[in-house]
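Okay, model_18.json is below, JSON, C-alpha atoms and all ligand atoms:
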```
[["chain", "number", "residue", "atom", "x", "y", "z"],
["A", 1, "MET", "CA", -22.60, -4.20, 8.48],
["A", 2, "PHE", "CA", -22.65, -2.72, 11.94],
["A", 3, "LEU", "CA", -20.65, 0.44, 12.29],
["A", 4, "SER", "CA", -19.91, 2.09, 15.59],
["A", 5, "PRO", "CA", -20.79, 5.81, 15.65],
["A", 6, "ILE", "CA", -17.16, 6.86, 15.30],
["A", 7, "PHE", "CA", -16.66, 4.79, 12.15],
["A", 8, "ALA", "CA", -20.04, 5.78, 10.75],
["A", 9, "MET", "CA", -19.09, 9.41, 11.30],
["A", 10, "PHE", "CA", -15.80, 8.86, 9.57],
["A", 11, "ARG", "CA", -17.43, 7.24, 6.58],
["A", 12, "THR", "CA", -20.11, 9.89, 6.21],
["A", 13, "ASN", "CA", -17.42, 12.54, 6.10],
["A", 14, "VAL", "CA", -15.98, 10.98, 2.99],
["A", 15, "PRO", "CA", -17.12, 12.99, 0.00],
["A", 16, "HIS", "CA", -19.22, 11.00, -2.42],
["A", 17, "THR", "CA", -17.11, 12.13, -5.34],
["A", 18, "ILE", "CA", -14.01, 10.33, -4.15],
["A", 19, "ARG", "CA", -15.81, 7.00, -4.21],
["A", 20, "LYS", "CA", -17.60, 7.46, -7.50],
["A", 21, "ILE", "CA", -16.25, 5.51, -10.42],
["A", 22, "ASN", "CA", -15.47, 7.86, -13.21],
["A", 23, "VAL", "CA", -16.99, 5.94, -16.10],
["A", 24, "SER", "CA", -16.33, 8.68, -18.61],
["A", 25, "GLN", "CA", -12.58, 8.31, -18.16],
["A", 26, "PRO", "CA", -11.94, 4.74, -17.17],
["A", 27, "LEU", "CA", -8.42, 4.26, -16.03],
["A", 28, "PHE", "CA", -6.93, 0.83, -16.15],
["A", 29, "PHE", "CA", -3.68, 0.08, -14.57],
["A", 30, "GLN", "CA", -2.08, -3.25, -14.59],
["A", 31, "ILE", "CA", -0.10, -4.60, -11.73],
["A", 32, "LYS", "CA", 3.17, -4.49, -13.53],
["A", 33, "TRP", "CA", 6.33, -6.04, -12.37],
["A", 34, "ASN", "CA", 9.81, -5.67, -13.69],
["A", 35, "SER", "CA", 10.73, -7.56, -16.82],
["A", 36, "SER", "CA", 12.21, -10.54, -15.01],
["A", 37, "ILE", "CA", 8.90, -11.18, -13.35],
["A", 38, "ALA", "CA", 6.57, -10.13, -16.13],
["A", 39, "SER", "CA", 7.03, -13.44, -17.85],
["A", 40, "SER", "CA", 5.51, -15.26, -14.94],
["A", 41, "LYS", "CA", 2.51, -17.44, -15.69],
["A", 42, "ASN", "CA", 1.05, -16.75, -12.30],
["A", 43, "LYS", "CA", -2.44, -15.49, -12.97],
["A", 44, "PHE", "CA", -2.39, -13.46, -9.80],
["A", 45, "ILE", "CA", 0.22, -11.04, -11.04],
["A", 46, "GLN", "CA", -1.48, -10.64, -14.39],
["A", 47, "GLU", "CA", -4.54, -9.34, -12.68],
["A", 48, "LYS", "CA", -5.92, -6.07, -13.90],
["A", 49, "ILE", "CA", -7.17, -3.64, -11.40],
["A", 50, "TYR", "CA", -9.75, -1.15, -12.42],
["A", 51, "SER", "CA", -8.91, 2.07, -10.71],
["A", 52, "ASP", "CA", -11.28, 4.88, -9.98],
["A", 53, "SER", "CA", -8.41, 6.57, -8.27],
["A", 54, "ASP", "CA", -8.46, 10.34, -8.37],
["A", 55, "SER", "CA", -4.74, 10.26, -7.89],
["A", 56, "ASP", "CA", -4.16, 9.36, -11.52],
["A", 57, "SER", "CA", -7.27, 10.60, -13.26],
["A", 58, "ASP", "CA", -6.37, 14.10, -12.14],
["A", 59, "TRP", "CA", -2.73, 13.70, -13.14],
["A", 60, "ASP", "CA", -1.25, 16.99, -14.12],
["A", 61, "SER", "CA", 2.40, 16.69, -14.99],
["A", 62, "CYS", "CA", 2.94, 20.42, -14.48],
["A", 63, "ALA", "CA", 1.86, 20.53, -10.88],
["A", 64, "GLU", "CA", 4.54, 19.52, -8.41],
["A", 65, "LYS", "CA", 3.34, 16.83, -6.03],
["A", 66, "GLY", "CA", 4.53, 15.78, -2.61],
["A", 67, "LYS", "CA", 4.86, 19.25, -1.17],
["A", 68, "SER", "CA", 2.10, 19.29, 1.42],
["A", 69, "GLU", "CA", 2.85, 18.66, 5.07],
["A", 70, "PHE", "CA", 0.01, 16.12, 5.06],
["A", 71, "TRP", "CA", 1.68, 14.03, 2.36],
["A", 72, "ARG", "CA", 5.07, 14.29, 4.10],
["A", 73, "ARG", "CA", 3.43, 13.11, 7.30],
["A", 74, "LYS", "CA", 2.07, 10.06, 5.49],
["A", 75, "MET", "CA", 5.51, 9.24, 4.09],
["A", 76, "ARG", "CA", 7.11, 9.63, 7.52],
["A", 77, "THR", "CA", 4.47, 7.22, 8.82],
["A", 78, "PHE", "CA", 5.39, 4.59, 6.23],
["A", 79, "HIS", "CA", 9.11, 5.10, 6.82],
["A", 80, "GLY", "CA", 8.40, 4.41, 10.50],
["A", 81, "ILE", "CA", 6.67, 1.14, 9.57],
["A", 82, "LEU", "CA", 9.56, 0.03, 7.37],
["A", 83, "ASP", "CA", 12.01, 0.93, 10.15],
["A", 84, "ILE", "CA", 11.36, -2.29, 12.05],
["A", 85, "ASN", "CA", 14.00, -1.79, 14.74],
["A", 86, "LYS", "CA", 13.06, 1.89, 15.17],
["A", 87, "ASP", "CA", 16.61, 3.19, 14.87],
["A", 88, "GLY", "CA", 15.49, 5.99, 12.53],
["A", 89, "VAL", "CA", 16.80, 4.48, 9.30],
["A", 90, "ILE", "CA", 15.64, 1.70, 7.02],
["A", 91, "SER", "CA", 17.96, -0.96, 5.74],
["A", 92, "PHE", "CA", 17.40, -3.89, 3.42],
["A", 93, "ASP", "CA", 17.33, -6.04, 6.56],
["A", 94, "ASP", "CA", 14.22, -4.16, 7.68],
["A", 95, "PHE", "CA", 12.62, -4.98, 4.32],
["A", 96, "LYS", "CA", 13.61, -8.61, 4.63],
["A", 97, "ILE", "CA", 12.23, -8.95, 8.16],
["A", 98, "LEU", "CA", 8.93, -7.46, 7.03],
["A", 99, "VAL", "CA", 8.71, -9.74, 4.00],
["A", 100, "ASP", "CA", 9.52, -12.78, 6.14],
["A", 101, "ARG", "CA", 6.77, -11.90, 8.61],
["A", 102, "PHE", "CA", 4.22, -12.06, 5.80],
["A", 103, "ILE", "CA", 5.71, -15.22, 4.36],
["A", 104, "TYR", "CA", 5.72, -16.94, 7.77],
["A", 105, "LEU", "CA", 1.96, -16.60, 7.90],
["A", 106, "GLY", "CA", 2.10, -19.52, 5.48],
["A", 107, "HIS", "CA", -0.45, -18.47, 2.86],
["A", 108, "LEU", "CA", 1.83, -17.64, -0.06],
["A", 109, "ASP", "CA", 2.92, -20.54, -2.21],
["A", 110, "LEU", "CA", 6.59, -20.95, -3.08],
["A", 111, "HIS", "CA", 6.20, -19.17, -6.39],
["A", 112, "GLN", "CA", 4.53, -16.17, -4.79],
["A", 113, "GLN", "CA", 7.17, -16.10, -2.04],
["A", 114, "LYS", "CA", 9.91, -15.97, -4.66],
["A", 115, "GLU", "CA", 8.15, -13.20, -6.57],
["A", 116, "PHE", "CA", 7.49, -11.22, -3.41],
["A", 117, "ASN", "CA", 11.20, -11.33, -2.54],
["A", 118, "GLU", "CA", 12.13, -10.31, -6.08],
["A", 119, "VAL", "CA", 9.69, -7.41, -6.15],
["A", 120, "VAL", "CA", 11.00, -6.06, -2.86],
["A", 121, "GLN", "CA", 14.63, -6.56, -3.85],
["A", 122, "ASN", "CA", 14.07, -4.80, -7.18],
["A", 123, "MET", "CA", 12.30, -1.97, -5.43],
["A", 124, "TRP", "CA", 15.25, -1.51, -3.09],
["A", 125, "GLU", "CA", 17.83, -1.62, -5.87],
["A", 126, "GLU", "CA", 15.88, 0.77, -8.10],
["A", 127, "ARG", "CA", 15.38, 3.27, -5.33],
["A", 128, "TRP", "CA", 18.45, 2.98, -3.12],
["A", 129, "GLY", "CA", 21.06, 1.00, -4.98],
["A", 130, "THR", "CA", 23.18, -1.74, -3.53],
["A", 131, "ILE", "CA", 22.06, -4.15, -0.87],
["A", 132, "ASN", "CA", 24.49, -3.99, 2.00],
["A", 133, "PRO", "CA", 24.22, -3.36, 5.74],
["A", 134, "TYR", "CA", 25.74, 0.12, 5.38],
["A", 135, "ASN", "CA", 23.16, 1.36, 2.89],
["A", 136, "LEU", "CA", 20.69, 3.06, 5.20],
["A", 137, "VAL", "CA", 17.76, 5.29, 4.27],
["A", 138, "THR", "CA", 16.91, 8.16, 6.61],
["A", 139, "THR", "CA", 13.48, 9.73, 6.81],
["A", 140, "GLU", "CA", 14.67, 12.71, 4.79],
["A", 141, "GLN", "CA", 16.12, 10.47, 2.07],
["A", 142, "TYR", "CA", 12.89, 8.51, 1.97],
["A", 143, "LEU", "CA", 10.86, 11.71, 1.61],
["A", 144, "GLU", "CA", 13.14, 12.85, -1.18],
["A", 145, "ASP", "CA", 12.83, 9.52, -2.96],
["A", 146, "MET", "CA", 9.05, 9.42, -2.64],
["A", 147, "HIS", "CA", 8.86, 13.01, -3.85],
["A", 148, "HIS", "CA", 10.64, 11.82, -6.98],
["A", 149, "VAL", "CA", 8.28, 8.84, -7.28],
["A", 150, "VAL", "CA", 5.05, 10.86, -7.07],
["A", 151, "ASN", "CA", 6.31, 13.30, -9.67],
["A", 152, "ASP", "CA", 7.23, 10.59, -12.17],
["A", 153, "ARG", "CA", 4.29, 9.09, -14.00],
["A", 154, "GLN", "CA", 5.97, 5.73, -14.63],
["A", 155, "LEU", "CA", 7.18, 5.33, -11.06],
["A", 156, "ARG", "CA", 3.71, 6.22, -9.77],
["A", 157, "GLN", "CA", 2.33, 3.28, -11.71],
["A", 158, "LYS", "CA", 4.65, 0.88, -9.88],
["A", 159, "VAL", "CA", 4.25, 2.26, -6.38],
["A", 160, "HIS", "CA", 1.77, -0.47, -5.37],
["A", 161, "ASN", "CA", 3.69, -3.44, -6.81],
["A", 162, "PHE", "CA", 4.25, -5.15, -3.49],
["A", 163, "LEU", "CA", 0.71, -4.73, -2.17],
["A", 164, "PRO", "CA", -0.95, -7.80, -3.78],
["A", 165, "TYR", "CA", 1.53, -10.04, -1.94],
["A", 166, "LEU", "CA", 0.54, -8.53, 1.39],
["A", 167, "PHE", "CA", -3.09, -9.17, 0.49],
["A", 168, "LYS", "CA", -2.49, -12.79, -0.47],
["A", 169, "ALA", "CA", -0.35, -13.36, 2.60],
["A", 170, "VAL", "CA", -3.10, -12.34, 5.02],
["A", 171, "ASP", "CA", -5.98, -13.97, 3.10],
["A", 172, "LYS", "CA", -5.80, -16.93, 5.46],
["A", 173, "ASP", "CA", -8.66, -18.95, 3.95],
["A", 174, "LYS", "CA", -7.64, -17.94, 0.39],
["A", 175, "ASN", "CA", -11.18, -16.93, -0.53],
["A", 176, "GLY", "CA", -10.10, -13.68, -2.21],
["A", 177, "TYR", "CA", -11.38, -11.44, 0.57],
["A", 178, "ILE", "CA", -9.83, -10.09, 3.73],
["A", 179, "THR", "CA", -12.06, -10.03, 6.77],
["A", 180, "ALA", "CA", -11.60, -7.83, 9.84],
["A", 181, "GLU", "CA", -10.03, -10.86, 11.57],
["A", 182, "GLU", "CA", -7.60, -11.46, 8.71],
["A", 183, "TYR", "CA", -6.80, -7.75, 8.65],
["A", 184, "LYS", "CA", -5.46, -8.09, 12.19],
["A", 185, "LEU", "CA", -2.77, -10.36, 10.75],
["A", 186, "PHE", "CA", -1.80, -7.53, 8.41],
["A", 187, "PHE", "CA", -1.40, -5.11, 11.31],
["A", 188, "ASN", "CA", 0.43, -7.70, 13.36],
["A", 189, "CYS", "CA", 3.00, -8.15, 10.58],
["A", 190, "LEU", "CA", 3.41, -4.37, 10.37],
["A", 191, "GLY", "CA", 4.07, -4.23, 14.10],
["A", 192, "LEU", "CA", 0.92, -2.18, 14.70],
["A", 193, "PRO", "CA", -1.56, -2.84, 17.53],
["A", 194, "LYS", "CA", -4.51, -4.91, 16.37],
["A", 195, "GLU", "CA", -6.79, -2.58, 18.36],
["A", 196, "VAL", "CA", -6.41, 0.10, 15.67],
["A", 197, "SER", "CA", -6.82, -2.31, 12.78],
["A", 198, "LEU", "CA", -10.61, -1.95, 12.59],
["A", 199, "VAL", "CA", -10.42, 1.78, 11.83],
["A", 200, "SER", "CA", -8.06, 1.03, 8.97],
["A", 201, "PHE", "CA", -10.14, -1.96, 7.83],
["A", 202, "THR", "CA", -13.25, 0.22, 7.64],
["A", 203, "ALA", "CA", -11.35, 2.83, 5.64],
["A", 204, "VAL", "CA", -10.12, 0.25, 3.12],
["A", 205, "ASP", "CA", -13.47, -1.55, 2.83],
["A", 206, "GLU", "CA", -14.75, 1.00, 0.37],
["A", 207, "ASN", "CA", -18.20, -0.49, -0.26],
["A", 208, "LEU", "CA", -18.64, -1.34, 3.43],
["A", 209, "ASP", "CA", -19.61, -4.96, 2.81],
["A", 210, "GLY", "CA", -17.42, -6.15, 5.67],
["A", 211, "ARG", "CA", -14.69, -7.62, 3.50],
["A", 212, "ILE", "CA", -11.81, -6.22, 1.51],
["A", 213, "THR", "CA", -11.19, -7.23, -2.08],
["A", 214, "LEU", "CA", -7.78, -7.16, -3.76],
["A", 215, "LYS", "CA", -9.00, -4.16, -5.75],
["A", 216, "GLU", "CA", -10.03, -2.25, -2.63],
["A", 217, "PHE", "CA", -6.75, -3.13, -0.92],
["A", 218, "VAL", "CA", -4.47, -2.15, -3.78],
["A", 219, "LYS", "CA", -6.41, 0.98, -4.68],
["A", 220, "THR", "CA", -6.46, 2.32, -1.13],
["A", 221, "GLY", "CA", -2.87, 1.33, -0.43],
["A", 222, "ARG", "CA", -1.80, 2.99, -3.66],
["A", 223, "ASP", "CA", -3.75, 6.14, -2.87],
["A", 224, "PHE", "CA", -1.90, 6.40, 0.44],
["A", 225, "PHE", "CA", 1.32, 7.11, -1.47],
["A", 226, "LEU", "CA", -0.16, 9.27, -4.21],
["A", 227, "THR", "CA", -2.92, 11.46, -2.96],
["A", 228, "GLU", "CA", -2.60, 14.72, -1.05],
["A", 229, "ASP", "CA", -6.32, 14.83, -0.34],
["A", 230, "GLN", "CA", -6.71, 14.74, 3.43],
["A", 231, "ARG", "CA", -10.35, 13.63, 3.15],
["A", 232, "LYS", "CA", -9.43, 10.30, 1.59],
["A", 233, "PRO", "CA", -9.75, 7.23, 3.83],
["A", 234, "SER", "CA", -6.48, 5.90, 2.37],
["A", 235, "LYS", "CA", -4.58, 7.96, 4.95],
["A", 236, "LEU", "CA", -5.49, 5.23, 7.46],
["A", 237, "PHE", "CA", -4.16, 2.34, 5.37],
["A", 238, "TRP", "CA", -0.96, 1.92, 7.42],
["A", 239, "GLY", "CA", -2.58, 2.76, 10.74],
["A", 240, "PRO", "CA", -2.56, 6.10, 12.56],
["A", 241, "LEU", "CA", -0.38, 8.80, 11.04],
["A", 242, "VAL", "CA", 2.66, 9.93, 12.99],
["A", 243, "LYS", "CA", 2.58, 13.48, 14.38],
["B", 301, "CA", "CA", -10.14, -14.36, 3.42],
["B", 302, "CA", "CA", -15.42, -4.40, 0.51]]
```

Take the structure I supplied and represent it as structure tokens, if you would.
Ligand SMILES: [Ca+2]
Ligand SMILES: [Ca+2]
Amino acid sequence: MFLSPIFAMFRTNVPHTIRKINVSQPLFFQIKWNSSIASSKNKFIQEKIYSDSDSDSDWDSCAEKGKSEFWRRKMRTFHGILDINKDGVISFDDFKILVDRFIYLGHLDLHQQKEFNEVVQNMWEERWGTINPYNLVTTEQYLEDMHHVVNDRQLRQKVHNFLPYLFKAVDKDKNGYITAEEYKLFFNCLGLPKEVSLVSFTAVDENLDGRITLKEFVKTGRDFFLTEDQRKPSKLFWGPLVK
């Protein structure tokens, strides 16, 4: 795959160790949904993802996570993406608009659409309680909540629950891979300029074969929330970081 010098430089700066699969300590994590959804027969949600993620293999329950300015910057970036109308707070309406943008692409079947809505609704209720227009989450509240998430082993394992739906929604030809063209749809739904999507695409395409698998997508997206390692390409998952 052709890489422009800037992307090639970026990739070569990624330490080999962060891409190496740790075969001595294989870590499996299942895409787990809440109990109401777990009974689903949909094969897609039963999928097991093999993770070579450092963010869990180096889990140390004693060390407090989510303290670095780098990690806080990443969380502020994601809060900014969820804050669709850019009024500084996120509401359930923001969530709903975002979900609808992915659904309107037309590549999720009705069952997946229903599950996607349920996953997002459950996430909101678990984290922020009731769904009403007055329940608004500021950046500081979001940082506090995510700080709690990254320091709780069970919550860490659910942090990526919504990601497979984003993947399926932008896999236009349903071949199980996301191309650079399809990735532009992802950025479009997020409200990010498609011009910056290639940098993110290259970061997520771990084996540089020009296409992103569900495993690559979920692993990198998950790492965005969990790792404090500034060298990891996952920092580019949701586009450029805010200042
Ligand atoms: Ca595809
Ligand atoms: Ca790939």

Extract, using all atoms listed in the file, all DNA, RNA and protein residues at most 9 Å from A:Ala203, discarding same-chain residues fewer than 2 positions from it, and format them as a tab-separated table (two decimals) with C-alpha atoms, in the coordinates of the input.
```tsv
chain	number	residue	atom	x	y	z
A	7	PHE	CA	-16.66	4.79	12.15
A	10	PHE	CA	-15.80	8.86	9.57
A	11	ARG	CA	-17.43	7.24	6.58
A	198	LEU	CA	-10.61	-1.95	12.59
A	199	VAL	CA	-10.42	1.78	11.83
A	200	SER	CA	-8.06	1.03	8.97
A	201	PHE	CA	-10.14	-1.96	7.83
A	205	ASP	CA	-13.47	-1.55	2.83
A	206	GLU	CA	-14.75	1.00	0.37
A	208	LEU	CA	-18.64	-1.34	3.43
A	220	THR	CA	-6.46	2.32	-1.13
A	232	LYS	CA	-9.43	10.30	1.59
A	233	PRO	CA	-9.75	7.23	3.83
A	234	SER	CA	-6.48	5.90	2.37
A	235	LYS	CA	-4.58	7.96	4.95
A	236	LEU	CA	-5.49	5.23	7.46
A	237	PHE	CA	-4.16	2.34	5.37
```

Could you pull out the residues sitting within 6 Å of ligand CA 301 (chain B), using only C-alpha atoms and all ligand atoms, and write them as a count of residues only?
9

Using all atoms listed in the file, what are the residues with an atom within 7 Å of ligand CA 302 (chain B), set out as a PyMOL selection string?
chain A and resi 205-213+216

Kindly save the residues from that selection, with C-alpha atoms included, as a PDB file, in the frame of the given file.
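Saved to result-v7.pdb:
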```
ATOM      1  CA  ASP A 205     -13.470  -1.550   2.830  1.00  0.00           C
ATOM      2  CA  GLU A 206     -14.750   1.000   0.370  1.00  0.00           C
ATOM      3  CA  ASN A 207     -18.200  -0.490  -0.260  1.00  0.00           C
ATOM      4  CA  LEU A 208     -18.640  -1.340   3.430  1.00  0.00           C
ATOM      5  CA  ASP A 209     -19.610  -4.960   2.810  1.00  0.00           C
ATOM      6  CA  GLY A 210     -17.420  -6.150   5.670  1.00  0.00           C
ATOM      7  CA  ARG A 211     -14.690  -7.620   3.500  1.00  0.00           C
ATOM      8  CA  ILE A 212     -11.810  -6.220   1.510  1.00  0.00           C
ATOM      9  CA  THR A 213     -11.190  -7.230  -2.080  1.00  0.00           C
ATOM     10  CA  GLU A 216     -10.030  -2.250  -2.630  1.00  0.00           C
TER      11      GLU A 216
END
```

Using Å and a single decimal, report how far atom CA of A:Gly80 sits from atom CA of A:Glu181.
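Interatomic distance here is 24.0 Å.
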
Please provide the set of residues having any atom within 9 Å of A:Asn132, restricted to only C-alpha atoms, with same-chain residues fewer than 6 positions apart removed, written as a list of chain:residue names.
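That gives A:Ser91, A:Phe92, A:Asp93.
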
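Taking atom CA of A:Lys215 as the reference point, atom CA of A:His160 is found at 11.4 Å.
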
Could you tell me, as number ranges by chain, which residues have any atom at most 10 Å from (7.2, 17.1, -5.6), counting only C-alpha atoms?
A: 63-68, 143-152

Could you save those same residues with C-alpha atoms as a JSON list (two decimals), keeping the file's coordinate frame?
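Saved result, out.json, follows:
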```json
[["chain", "number", "residue", "atom", "x", "y", "z"],
["A", 63, "ALA", "CA", 1.86, 20.53, -10.88],
["A", 64, "GLU", "CA", 4.54, 19.52, -8.41],
["A", 65, "LYS", "CA", 3.34, 16.83, -6.03],
["A", 66, "GLY", "CA", 4.53, 15.78, -2.61],
["A", 67, "LYS", "CA", 4.86, 19.25, -1.17],
["A", 68, "SER", "CA", 2.10, 19.29, 1.42],
["A", 143, "LEU", "CA", 10.86, 11.71, 1.61],
["A", 144, "GLU", "CA", 13.14, 12.85, -1.18],
["A", 145, "ASP", "CA", 12.83, 9.52, -2.96],
["A", 146, "MET", "CA", 9.05, 9.42, -2.64],
["A", 147, "HIS", "CA", 8.86, 13.01, -3.85],
["A", 148, "HIS", "CA", 10.64, 11.82, -6.98],
["A", 149, "VAL", "CA", 8.28, 8.84, -7.28],
["A", 150, "VAL", "CA", 5.05, 10.86, -7.07],
["A", 151, "ASN", "CA", 6.31, 13.30, -9.67],
["A", 152, "ASP", "CA", 7.23, 10.59, -12.17]]
```

Mind checking which residues fall within 12 Å of A:Glu125, counting all atoms listed in the file, ignoring those fewer than 3 positions away in the same chain, and posting them as number ranges by chain?
A: 34, 91-92, 95, 118-122, 128-132, 135

Between A:Leu226, A:Val242, A:Ile90, A:Ile84, which residue has the minimum interatomic distance to A:Arg156, considering all atoms listed in the file?
A:Leu226

Using Å and a single decimal, report how far atom CA of A:Phe187 sits from atom CA of A:Leu105.
12.4 Å

Have a look at A:Leu110, A:Leu98, A:Leu241, A:Glu126 and name the one nearest to A:Phe224; count only C-alpha atoms.
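So, comparing all the options, the nearest one is A:Leu241.
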
Between A:Met75, A:Leu163, A:Met123, A:Leu185, which has the minimum distance to A:Lys219 (counting all atoms listed in the file)?
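Distance minimum relative to A:Lys219 lands on A:Leu163.
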
Protein, DNA and RNA residues within 6 Å of (-4.0, 13.3, 2.7), all atoms listed in the file, as a PDB file with C-alpha atoms, keeping the file's coordinate frame:
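point00.pdb written:
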```pdb
ATOM      1  CA  PHE A  70       0.010  16.120   5.060  1.00  0.00           C
ATOM      2  CA  TRP A  71       1.680  14.030   2.360  1.00  0.00           C
ATOM      3  CA  GLU A 228      -2.600  14.720  -1.050  1.00  0.00           C
ATOM      4  CA  ASP A 229      -6.320  14.830  -0.340  1.00  0.00           C
ATOM      5  CA  GLN A 230      -6.710  14.740   3.430  1.00  0.00           C
ATOM      6  CA  LYS A 235      -4.580   7.960   4.950  1.00  0.00           C
TER       7      LYS A 235
END
```

Which of these, A:Tyr142, A:Arg101, A:Gly106, A:Leu166, has the shortest distance to A:Lys74 once you count all atoms listed in the file?
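For A:Lys74, the nearest of the given residues is A:Tyr142.
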